[in-house]
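Chemist: CSV, C-alpha atoms, file my_file-v8.csv:
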```csv
chain,number,residue,atom,x,y,z
A,142,MET,CA,-4.5,46.8,1.2
A,143,THR,CA,-5.7,45.3,-2.1
A,144,MET,CA,-9.3,46.2,-3.1
A,145,ARG,CA,-11.9,45.4,-5.7
A,146,ILE,CA,-15.1,47.3,-6.7
A,147,VAL,CA,-18.3,45.4,-7.5
A,148,ASP,CA,-21.4,46.2,-9.5
A,149,ALA,CA,-25.0,45.3,-8.5
A,150,GLY,CA,-25.5,42.2,-10.6
A,151,PRO,CA,-22.5,40.2,-9.4
A,152,LEU,CA,-23.2,41.3,-5.8
A,153,LEU,CA,-26.8,40.2,-5.8
A,154,PHE,CA,-26.2,36.9,-7.7
A,155,LEU,CA,-23.3,35.8,-5.5
A,156,ALA,CA,-25.4,36.7,-2.4
A,157,ARG,CA,-28.3,34.6,-3.7
A,158,LEU,CA,-25.9,31.7,-4.3
A,159,ASN,CA,-24.7,32.3,-0.7
A,160,ARG,CA,-21.2,32.7,-2.2
A,161,LEU,CA,-20.6,36.4,-1.4
A,162,ASP,CA,-17.2,35.6,0.1
A,163,ILE,CA,-15.9,34.7,-3.4
A,164,LEU,CA,-15.7,38.4,-4.0
A,165,LYS,CA,-12.8,38.4,-1.5
A,166,ILE,CA,-10.6,36.1,-3.6
A,167,GLY,CA,-7.2,37.9,-4.0
A,168,VAL,CA,-8.3,41.1,-2.2
A,169,SER,CA,-8.8,42.2,1.4
A,170,ARG,CA,-11.6,44.7,0.9
A,171,VAL,CA,-14.5,44.9,-1.6
A,172,LEU,CA,-16.1,48.3,-2.3
A,173,VAL,CA,-19.6,49.0,-3.5
A,174,PRO,CA,-20.3,52.5,-5.1
A,175,SER,CA,-23.1,54.4,-3.6
A,176,ALA,CA,-25.2,54.2,-6.8
A,177,VAL,CA,-25.0,50.4,-6.7
A,178,LEU,CA,-26.1,50.4,-3.0
A,179,ILE,CA,-29.1,52.6,-3.9
A,180,GLU,CA,-29.9,50.3,-6.8
A,181,ILE,CA,-29.9,47.1,-4.8
A,182,GLN,CA,-31.7,48.6,-1.8
A,183,ARG,CA,-34.6,49.4,-4.1
A,184,LYS,CA,-35.1,45.7,-4.8
A,185,ASN,CA,-37.1,43.4,-2.6
A,186,ASP,CA,-34.5,40.7,-2.5
A,187,LEU,CA,-33.6,38.2,0.2
A,188,ALA,CA,-30.0,38.6,-0.9
A,189,LEU,CA,-29.9,42.0,0.8
A,190,GLU,CA,-29.7,40.3,4.2
A,191,VAL,CA,-26.6,38.4,3.1
A,192,ILE,CA,-25.0,41.6,1.8
A,193,ARG,CA,-25.9,43.5,5.0
A,194,ALA,CA,-24.3,40.8,7.1
A,195,SER,CA,-20.9,41.4,5.4
A,196,TYR,CA,-21.2,45.2,5.2
A,197,GLY,CA,-18.8,47.0,7.4
A,198,ASN,CA,-16.5,43.9,7.7
A,199,TRP,CA,-14.8,43.4,4.4
A,200,LEU,CA,-17.5,45.0,2.3
A,201,GLY,CA,-17.9,48.8,2.3
A,202,GLU,CA,-19.2,51.7,0.4
A,203,CYS,CA,-17.2,54.1,-1.8
A,204,LEU,CA,-18.3,57.6,-2.7
A,205,ILE,CA,-17.4,59.3,-5.9
A,206,THR,CA,-15.4,62.5,-5.3
A,207,SER,CA,-14.7,63.4,-9.0
A,208,PRO,CA,-18.0,63.4,-10.9
A,209,GLU,CA,-16.1,64.7,-14.0
A,210,ILE,CA,-14.9,61.1,-14.5
A,211,LEU,CA,-18.5,60.0,-14.9
A,212,LYS,CA,-18.8,62.4,-17.9
A,213,MET,CA,-15.9,60.6,-19.7
A,214,LEU,CA,-17.9,57.3,-19.7
A,215,PRO,CA,-20.5,56.6,-22.4
A,216,ASP,CA,-24.0,55.5,-21.9
A,217,LEU,CA,-23.9,52.8,-19.3
A,218,GLY,CA,-26.0,52.1,-16.3
A,219,LYS,CA,-25.4,54.4,-13.3
A,220,GLY,CA,-23.9,51.5,-11.3
A,221,GLU,CA,-21.5,50.4,-14.0
A,222,ARG,CA,-20.4,54.0,-14.6
A,223,GLU,CA,-19.7,54.5,-10.9
A,224,VAL,CA,-17.8,51.2,-10.6
A,225,ILE,CA,-15.5,52.2,-13.5
A,226,ALA,CA,-15.2,55.8,-12.3
A,227,GLN,CA,-14.4,54.7,-8.7
A,228,ALA,CA,-11.8,52.3,-9.9
A,229,ILE,CA,-10.1,55.1,-12.0
A,230,GLU,CA,-10.3,57.6,-9.2
A,231,GLN,CA,-9.0,55.3,-6.5
A,232,LYS,CA,-6.5,53.5,-8.7
A,233,ILE,CA,-8.1,50.1,-8.1
A,234,ASP,CA,-7.7,47.9,-11.2
A,235,SER,CA,-9.9,44.9,-10.1
A,236,ILE,CA,-13.6,45.4,-10.8
A,237,VAL,CA,-16.5,43.0,-11.1
A,238,LEU,CA,-19.1,43.7,-13.8
A,239,ASP,CA,-21.3,41.3,-15.8
A,240,ASP,CA,-22.2,43.8,-18.5
A,241,LEU,CA,-20.0,43.1,-21.6
A,242,ASP,CA,-20.1,46.7,-22.8
A,243,ALA,CA,-19.0,48.0,-19.4
A,244,ARG,CA,-16.2,45.5,-19.3
A,245,ARG,CA,-15.0,46.5,-22.7
A,246,ILE,CA,-14.9,50.2,-21.6
A,247,ALA,CA,-13.1,49.2,-18.4
A,248,TRP,CA,-10.4,47.4,-20.4
A,249,ARG,CA,-9.9,50.6,-22.4
A,250,PHE,CA,-9.1,52.4,-19.1
A,251,GLY,CA,-6.6,49.8,-18.1
A,252,LEU,CA,-8.8,48.1,-15.6
A,253,ILE,CA,-9.1,44.4,-15.0
A,254,PRO,CA,-12.7,43.4,-15.1
A,255,THR,CA,-14.2,40.0,-14.3
A,256,GLY,CA,-17.7,38.8,-13.9
A,257,THR,CA,-19.8,36.5,-11.8
A,258,VAL,CA,-18.7,33.5,-13.9
A,259,GLY,CA,-15.1,34.5,-13.7
A,260,LEU,CA,-15.2,34.7,-9.9
A,261,LEU,CA,-17.0,31.3,-9.7
A,262,LEU,CA,-14.3,29.8,-11.9
A,263,ALA,CA,-11.5,31.3,-9.7
A,264,ALA,CA,-13.2,29.8,-6.7
A,265,LYS,CA,-13.4,26.4,-8.3
A,266,LYS,CA,-9.7,26.5,-9.2
A,267,LYS,CA,-8.9,27.4,-5.6
A,268,GLY,CA,-10.9,24.4,-4.4
A,269,LEU,CA,-13.6,26.6,-2.8
A,270,LEU,CA,-16.4,25.1,-4.9
A,271,PRO,CA,-17.2,21.5,-5.3
A,272,SER,CA,-18.9,21.9,-8.7
A,273,LEU,CA,-18.7,24.9,-11.1
A,274,LYS,CA,-21.4,23.3,-13.2
A,275,ALA,CA,-23.8,23.1,-10.3
A,276,GLU,CA,-23.3,26.8,-9.5
A,277,LEU,CA,-23.8,27.8,-13.1
A,278,GLU,CA,-27.0,25.8,-13.2
A,279,ARG,CA,-28.2,27.5,-10.0
A,280,LEU,CA,-27.3,30.9,-11.5
A,281,LYS,CA,-29.3,30.1,-14.6
A,282,GLU,CA,-32.3,29.1,-12.5
A,283,MET,CA,-32.1,32.5,-10.8
A,284,GLY,CA,-32.4,34.3,-14.2
A,285,PHE,CA,-28.7,34.9,-14.9
A,286,TRP,CA,-28.0,34.9,-18.6
A,287,ILE,CA,-24.9,33.1,-19.8
A,288,SER,CA,-24.0,32.4,-23.4
A,289,LYS,CA,-23.4,28.8,-24.4
A,290,SER,CA,-19.8,29.7,-25.4
A,291,LEU,CA,-19.0,31.2,-22.0
A,292,TRP,CA,-20.6,28.2,-20.3
A,293,LYS,CA,-18.5,25.8,-22.3
A,294,GLU,CA,-15.3,27.9,-21.9
A,295,ALA,CA,-15.7,28.1,-18.1
A,296,LEU,CA,-16.3,24.4,-17.7
A,297,LYS,CA,-13.4,23.6,-20.0
A,298,GLU,CA,-11.1,25.9,-18.1
A,299,ALA,CA,-12.2,24.4,-14.7
A,300,PHE,CA,-11.6,20.9,-15.9
A,301,PRO,CA,-8.5,20.7,-18.1
A,302,ARG,CA,-8.0,17.4,-19.9
A,303,SER,CA,-6.3,14.9,-17.7
A,304,PRO,CA,-3.3,13.0,-18.9
A,305,ARG,CA,-4.2,9.5,-20.1
A,306,PHE,CA,-2.7,7.9,-17.0
A,307,LEU,CA,-5.0,9.8,-14.7
A,308,LEU,CA,-8.2,8.7,-16.4
A,309,PRO,CA,-10.4,6.3,-14.6
A,310,MET,CA,-9.8,2.6,-15.6
A,311,HIS,CA,-13.2,2.3,-17.4
A,312,HIS,CA,-11.9,4.7,-20.1
A,313,PHE,CA,-9.0,2.3,-20.9
A,314,PHE,CA,-11.3,-0.7,-21.7
A,315,ARG,CA,-12.6,1.0,-24.8
A,316,PHE,CA,-9.1,1.3,-26.2
A,317,LYS,CA,-7.8,-2.2,-25.1
A,318,ALA,CA,-7.2,-3.2,-28.7
A,319,PHE,CA,-4.8,-0.2,-29.2
A,320,LEU,CA,-2.7,-0.9,-26.0
```
Represent the structure of the file as structure tokens.
Modeler:
Amino acid sequence: MTMRIVDAGPLLFLARLNRLDILKIGVSRVLVPSAVLIEIQRKNDLALEVIRASYGNWLGECLITSPEILKMLPDLGKGEREVIAQAIEQKIDSIVLDDLDARRIAWRFGLIPTGTVGLLLAAKKKGLLPSLKAELERLKEMGFWISKSLWKEALKEAFPRSPRFLLPMHHFFRFKAFL
């Protein structure tokens, strides 16, 4: 059984987008550390209902059994620390974190982190999203911060340049003199 561990930010934002099922791309089970569950339950957020609806099916809790792993991790949020520690402890390499510092640390431990934008991009590439740009705009409206460079990079990767013969006909009229 392939698994992934998710942090609070991606879990909440994907639930708000009503795209929580994107977490399942490439895995059969998604785990949420207890510290992350405590963090999200403290919030008064409608996304909690979406999360609760999936809980117990493909989404479940994981408990840390080796707290000494947490001591190896530098100053990160409790949720991010538990995501990384759980992944190390359970030998799960796929994790979802939006915090760049946490992702850098995860890479050092040989984990494969992705973020909310990376999951949306994967969903677009698999044909599960009609528009990556629309989802990124919705995220931004919800308060999700995304750098201009990541925005451009994600859209560029989602829409690789088409060969000339696949372009719509109106593109050719501008170049008629060169044909």
Chemist: At a cut-off of 10 Å, using only C-alpha atoms, what residues contact Leu241 in chain A? Leave out same-chain residues fewer than 3 positions from it and give the result as a ChimeraX atom specification.
Modeler: /A:238,244-247,254-256
Chemist: Would you mind listing what lies within 10 Å of Glu221 in chain A as a PyMOL selection string, with all atoms listed in the file counted and same-chain residues fewer than 6 positions away left out?
Modeler: chain A and resi 147-150+174+176-177+214+227+236-240+242-244+247
Chemist: Kindly indicate which residue among A:Ile166, A:Val258, A:Leu172, A:Ile225 lies nearest to Ile287 in chain A, using all atoms listed in the file for the distances.
Modeler: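 When distances to Ile287 in chain A are compared using all atoms listed in the file, the smallest one comes from A:Val258.
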Chemist: Which residue gives the smallest distance to Met142 in chain A among A:Leu270, A:Ile233, A:Leu260, A:Leu204, with only C-alpha atoms counted?
Modeler: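 The answer is A:Ile233, which sits nearest to Met142 in chain A.
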Chemist: List as an MDAnalysis selection string the protein and nucleic acid residues near Pro208 in chain A, meaning an atom at most 12 Å away when only C-alpha atoms are counted, but skip any in the same chain fewer than 3 places from it.
Modeler: chainID A and resid 204:205 211:214 219 222:223 225:227 229:230
Chemist: What separation in Å, quoted to one decimal, exists between CA of Val191 in chain A and CA of Ser175 in chain A?
Modeler: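 Separation between CA of Val191 in chain A and CA of Ser175 in chain A: 17.7 Å.
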Chemist: Kindly give the distance, in Å, that separates CA of Asp186 in chain A and CA of Val173 in chain A, rounded to a single decimal.
Modeler: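 These atoms are spaced 17.1 Å apart.
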Chemist: Which residues of range 147-264 of chain A have any atom within 9 Å of an atom in range 279-284 of chain A when counting only C-alpha atoms, and what is the closest pair of atoms for each, with the distance in Å to one decimal? Order the rows by chain and rising number and write it as a tab-separated table.
Modeler:
```
residue	atom	partner	partner_atom	distance
A:Phe154	CA	A:Leu280	CA	7.2
A:Leu155	CA	A:Leu280	CA	8.7
A:Arg157	CA	A:Met283	CA	8.3
A:Leu158	CA	A:Leu280	CA	7.4
```
Chemist: Counting only C-alpha atoms, find the residues whose atoms lie at most 8 Å from (-14.5, 36.6, -4.6) (file coordinates) and write them out as a VMD selection string.
Modeler: chain A and resid 161 to 167 260 to 261 263 to 264
Chemist: Would you mind listing what lies within 7 Å of Trp199 in chain A as an MDAnalysis selection string, with all atoms listed in the file counted and same-chain residues fewer than 4 positions away left out?
Modeler: chainID A and resid 169:171 195
Chemist: Within 12 Å of Lys266 in chain A, counting only C-alpha atoms, which residues qualify if same-chain residues fewer than 6 places away don't, as a list in words?
Modeler: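 The residues satisfying every condition are Ile163, Ile166, Gly259, Leu260, Ser272, Leu273, Ala295, Leu296, Lys297, Glu298, Ala299, Phe300 and Pro301 of chain A.
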Chemist: Would you work out the distance separating CA of Glu294 in chain A from CA of Gly268 in chain A, expressed in Å to one decimal?
Modeler: 18.4 Å
Chemist: Rank nothing, just name the residue among A:Ala228, A:Ala156, A:Ala194, A:Leu291 nearest to Ile210 in chain A, using all atoms listed in the file.
Modeler: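 Result for the nearest residue to Ile210 in chain A: A:Ala228.
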Chemist: Quick one: of A:Ala275, A:Trp248, A:Asn159, A:Gln231, who's nearest to Thr206 in chain A, counting all atoms listed in the file?
Modeler: A:Gln231
Chemist: In terms of the shortest atom-to-atom distance over all atoms listed in the file, which of A:Gly197, A:Pro215, A:Gly220, A:Gly251 is closest to Ile146 in chain A?
Modeler: A:Gly220
Chemist: When distances are computed from all atoms listed in the file, which of A:Leu217, A:Leu178, A:Leu262, A:Ile253 shows the smallest separation from Asp234 in chain A?
Modeler: A:Ile253
